[in-house]
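Beneath this line is the structure, given in structure tokens, with notes to follow.
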Amino acid sequence: MTLLYRAQALSQDQVVAAIYETIIRPEQFDRFSAGPPGGGDGLGRWGAVGRPRAVPVLRAHFSRAMQIQEQQWERAGRPDPGECSGDCPRFWLLASAGPGGRLLNASQPAARQLASGGDLPAAMGLTQAAADRWRILMEQVREGEFFWQEVLLLGTCRPGERFLCRPVRLDGAGRPVAAVMAERLDCEWSEEAAGPVAAAFGLQRSEIDPLKAVMNGTGGQVEAELEQIAARAGAPGTAELIRLAAFLFNEHIRDLKIARGELLPPSEEVEDRSGRRSQFFRFGAETGQPVIYVHGMLDGIAPLQRLQPQLRTLGFRVYAPMRAGYGGSVPLPRGLDPADAFVQQLDALITRKNLQRPVLLSHRGGALYGCAAANRLHSRIAGLVAVASNCSIATPQQFSGLSGYAWLVAFAATRARWMLPWLMKAWSGAQHWYGHKALLTAQTARNSREKVMLDQMDLLPLLKQSQLLFRQQGGAGFLADVQMMRQGSRKIALTRHTRAVFVHGGEDRVAPLSGIRDIFGSQQNAQLCVSQEAGALLFYTFPELVLTALQDCASAAQGKA
């Protein structure tokens with residue numbers, strides 16, 4: 001089984017992180033209030049003997065998450081649901097079971113939406129059928145005709161949105177009082193995500209069909225079959241299972257949208273010590289081995305972006321800073337060396353995010369910047385993985401493998417720099433004429449295997465996104481990169497402290513393997529990994545080689561630390 005195939009599944013770390021995220025929430029403090037007998041251990045009607053066999057690791061983490069949550073409840077003064085803090089981005093509300101369903105507590109987003117008062121089901125946006133079920137639930141709770149483990153899912157007028165409703169206990173005057181907690185869930189079912197989520201729970205795909213009925217249906221009483229699924233997944237109850245499943249579905253669907261170019265990854269800004277502002281994107285997992293991606297000149301974050309699901313599964317936490325003049329990063333000031341500016345940018349990013357020995361991952365022309373940063377920040381990084389490095393455009397012979405507009409740009413960079421600003425202005429027209437894929441296809445041989453593989457990939461949305469980032473500052477980043485690449489090998493020598501892996505294709509016509517061997521073959525701590533079948537687009541056509549090199553570099557650094 002290849003690394004790339006295994007990376008299609010959800011990792012155990014990913015599922016475990018989701019358990020803690022969906023359990024440790026103040027609005028669920030009611031599980032520690034004085035509840036009914038047998039209601040607090042999550043065994044429900046199964047009892048200690050009859051409960052289906054659970055995934056041991058997941059059940060252990062559910063238990064640990066609830067222990068942490070109980071500690072937080074104790075530190076907060078043991079509040080009941082009517083007193084817990086609503087200072088969170090989630091949407092939840094607590095309503096009394098009395099006539100009219102008076103609002104008792106709410107998160108800040110819910111409080112803002114419900115501020116106008118009026119009919120609560122209407123303010124929540126429930127459908128007419130869901131509003132009727134809400135009123136029936138309220139009446140049942142008021143009359144005491146309910147079970148504490150009951151869960152009701154109610155649909156709204158907005159696609160994919162549900163309210164998870166359940167009875168909770170409040171401390172009344174002399175006796176406990178029941179109320180209803182309603183939590184908003186965005187539950188988008190996806191067949192692509194269903195298999196990985198089922199496998200994560202130790203189930204077959206067909207065994208989570210009851211969950212599909214809940215997430216796809218119009219809402220109503222949660223089916224009893226979900227209790228068995230929850231038990232087998234190690235969840236305390238059906239509410240916890242639904243929250244966890246919704247979280248994993250949404251996370252996986254969002255990753256797939258990012259990988260297809262339907263959605264940009266989240267981004268932030270950072271300022272270096274000179275006050276220069278730059279943009280960086282976030283990929284992969286929320287925790288794990290930090291990686292800093294050093295993008296190339298033409299396709300930006302596209303090759304990395306299409307690996308978003310795999311990066312998360314493999315536990316890589318990736319930061320992709322846009323160099324000066326790309327995306328939202330301010331252009332390079334006149335006279336400032338591009339390498340100096342980039343090292344200052346990385347220094348600010350590492351400090352801001354408190355990154356502990358990240359691996360640098362460079363692509364194409366980013367190798368020059370990766371080497372410069374690795375040399376100067378060697379004590380703060382784990383190493384460098386350079387993919388399909390293109391280190392110089394000093395002579396026309398070095399871009400003889402290019403064609404079309406790409407050749408014209410490279411020729412201007414070496415022989416007619418006065419043409420570059422004009423070429424940047426004509427960039428949009430050239431893309432319209434040649435297509436967004438042209439800058440990739442120009443780097444491949446006409447009848448090569450790489451060209452065939454490229455033609456089978458749907459890269460257009462990704463490349464469009466990256467080209468928008470490329471042009472956002474009028475091509476200023478590209479012009480700075482040309483300046484950097486003209487300095488070529490003067491910038492790329494590695495120190496003996498720098499651990500580096502160069503992954504290269506034997507069929508690379510733009511940066512031939514012989515030139516890479518000449519530059520790095522004799523350098524200490526530099527390892528050259530060659531795929532004879534790959535060409536200039538190795539990151540696209542053989543991504544498993546990149547991920548393997550990344551894992552090896554991170555493991556080697558951990559073993560040496």
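Chain identifiers are assigned as A, B, and so on, following the order in which chains appear in the structure tokens; residues are numbered from 1 within each chain, and ligands are numbered from 1 in order of appearance.
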Please return, as a ChimeraX atom specification, all residues of range 48-140 of chain A that DSSP assigns to strand (DSSP E or B) on the basis of the backbone. /A:92-96,103-106,126
Using only C-alpha atoms, determine which residues lie at most 7 Å from Ala182 in chain A, disregarding the query and same-chain residues fewer than 6 positions distant; provide the list as number ranges by chain. A: 92-94, 163-166
Could you turn the residues from that selection into a file that holds all heavy atoms, as a compact mmCIF listing (two decimals), in the first residue's frame?
# COMPACT_ATOMS: atom_id res chain seq x y z
N TRP A 92 -25.27 28.11 20.03
CA TRP A 92 -26.09 27.25 20.85
C TRP A 92 -26.99 28.10 21.75
O TRP A 92 -26.70 29.27 22.03
CB TRP A 92 -25.25 26.29 21.70
CG TRP A 92 -24.26 26.94 22.65
CD1 TRP A 92 -22.94 27.16 22.42
CD2 TRP A 92 -24.53 27.46 23.96
NE1 TRP A 92 -22.36 27.78 23.49
CE2 TRP A 92 -23.31 27.97 24.47
CE3 TRP A 92 -25.67 27.53 24.77
CZ2 TRP A 92 -23.21 28.55 25.73
CZ3 TRP A 92 -25.56 28.11 26.04
CH2 TRP A 92 -24.34 28.60 26.50
N LEU A 93 -28.09 27.50 22.19
CA LEU A 93 -29.02 28.21 23.07
C LEU A 93 -29.65 27.22 24.03
O LEU A 93 -29.74 26.02 23.76
CB LEU A 93 -30.09 28.93 22.25
CG LEU A 93 -31.00 28.05 21.38
CD1 LEU A 93 -32.31 27.72 22.13
CD2 LEU A 93 -31.31 28.74 20.06
N LEU A 94 -30.08 27.74 25.16
CA LEU A 94 -30.76 26.96 26.19
C LEU A 94 -32.13 27.58 26.41
O LEU A 94 -32.22 28.78 26.71
CB LEU A 94 -29.95 26.94 27.49
CG LEU A 94 -30.54 26.13 28.64
CD1 LEU A 94 -30.43 24.63 28.34
CD2 LEU A 94 -29.80 26.45 29.94
N PHE A 163 -30.24 21.58 13.91
CA PHE A 163 -30.11 21.84 15.34
C PHE A 163 -30.18 20.51 16.07
O PHE A 163 -31.14 19.75 15.91
CB PHE A 163 -31.20 22.78 15.84
CG PHE A 163 -30.87 24.23 15.69
CD1 PHE A 163 -31.30 24.94 14.57
CD2 PHE A 163 -30.11 24.89 16.64
CE1 PHE A 163 -30.98 26.27 14.42
CE2 PHE A 163 -29.78 26.23 16.49
CZ PHE A 163 -30.23 26.93 15.38
N LEU A 164 -29.14 20.24 16.86
CA LEU A 164 -29.11 19.06 17.71
C LEU A 164 -29.73 19.46 19.06
O LEU A 164 -29.17 20.31 19.77
CB LEU A 164 -27.68 18.56 17.89
CG LEU A 164 -27.46 17.23 18.61
CD1 LEU A 164 -26.15 16.59 18.15
CD2 LEU A 164 -27.44 17.39 20.12
N CYS A 165 -30.86 18.86 19.39
CA CYS A 165 -31.62 19.25 20.58
C CYS A 165 -31.67 18.09 21.57
O CYS A 165 -31.85 16.94 21.17
CB CYS A 165 -33.03 19.67 20.21
SG CYS A 165 -33.11 20.97 18.96
N ARG A 166 -31.53 18.40 22.86
CA ARG A 166 -31.55 17.36 23.89
C ARG A 166 -31.98 17.97 25.21
O ARG A 166 -31.75 19.16 25.47
CB ARG A 166 -30.17 16.71 24.03
CG ARG A 166 -29.08 17.71 24.36
CD ARG A 166 -27.69 17.13 24.22
NE ARG A 166 -26.70 18.15 24.52
CZ ARG A 166 -26.28 18.46 25.74
NH1 ARG A 166 -26.74 17.78 26.79
NH2 ARG A 166 -25.40 19.41 25.94
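Rounded to one decimal, CA of Ile23 in chain A and CA of Glu240 in chain A lie 7.3 Å from each other.
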Atom pair CA of Leu126 in chain A / CA of Ile24 in chain A: separation (Å): 26.9 Å
Near-Asp337 in chain A list (12 Å; only C-alpha atoms; drop same-chain fewer than 2 positions) as number ranges by chain: A: 324, 332-335, 339-344, 369, 372, 480-485, 487, 491
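When CA of Asp30 in chain A is paired with CA of Leu104 in chain A, their separation reads 14.1 Å.
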Can you pull out the residues contacting Pro266 in chain A? Cut-off 8 Å, using only C-alpha atoms, and skip same-chain residues under 4 positions away; I want them as a VMD selection string. chain A and resid 281 to 283
Might you pull out every residue within 12 Å of Asp458 in chain A, with only C-alpha atoms counted and same-chain residues fewer than 3 positions away left off, and present them as a PyMOL selection string? chain A and resi 259-262+302+306+436-437+453-455+461-464+540
If you count only C-alpha atoms, which residues fall within 7 Å of Trp189 in chain A, apart from same-chain ones fewer than 5 positions away, as a PyMOL selection string? chain A and resi 212+215-216+249
Residue neighbourhood Ala130 in chain A, 7 Å, only C-alpha atoms, exclusion window fewer than 2 positions, as a PyMOL selection string: chain A and resi 126-128+132-134+154-155+219
Among range 197-394 of chain A, which ones does DSSP assign to helix (DSSP H, G or I) (computed from the backbone)? Answer as a VMD selection string. chain A and resid 197 to 200 205 to 216 225 to 233 238 to 260 302 to 305 308 to 313 338 to 353 366 to 376 378 to 380
Distance criterion (only C-alpha atoms): nearest to His363 in chain A out of A:Val546, A:Leu314, A:Ser278, A:Gln523: A:Val546
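Proximity to Arg352 in chain A was assessed for A:Cys391, A:Leu298, A:Phe280, A:Gly325 counting only C-alpha atoms; the smallest distance is recorded for A:Phe280.
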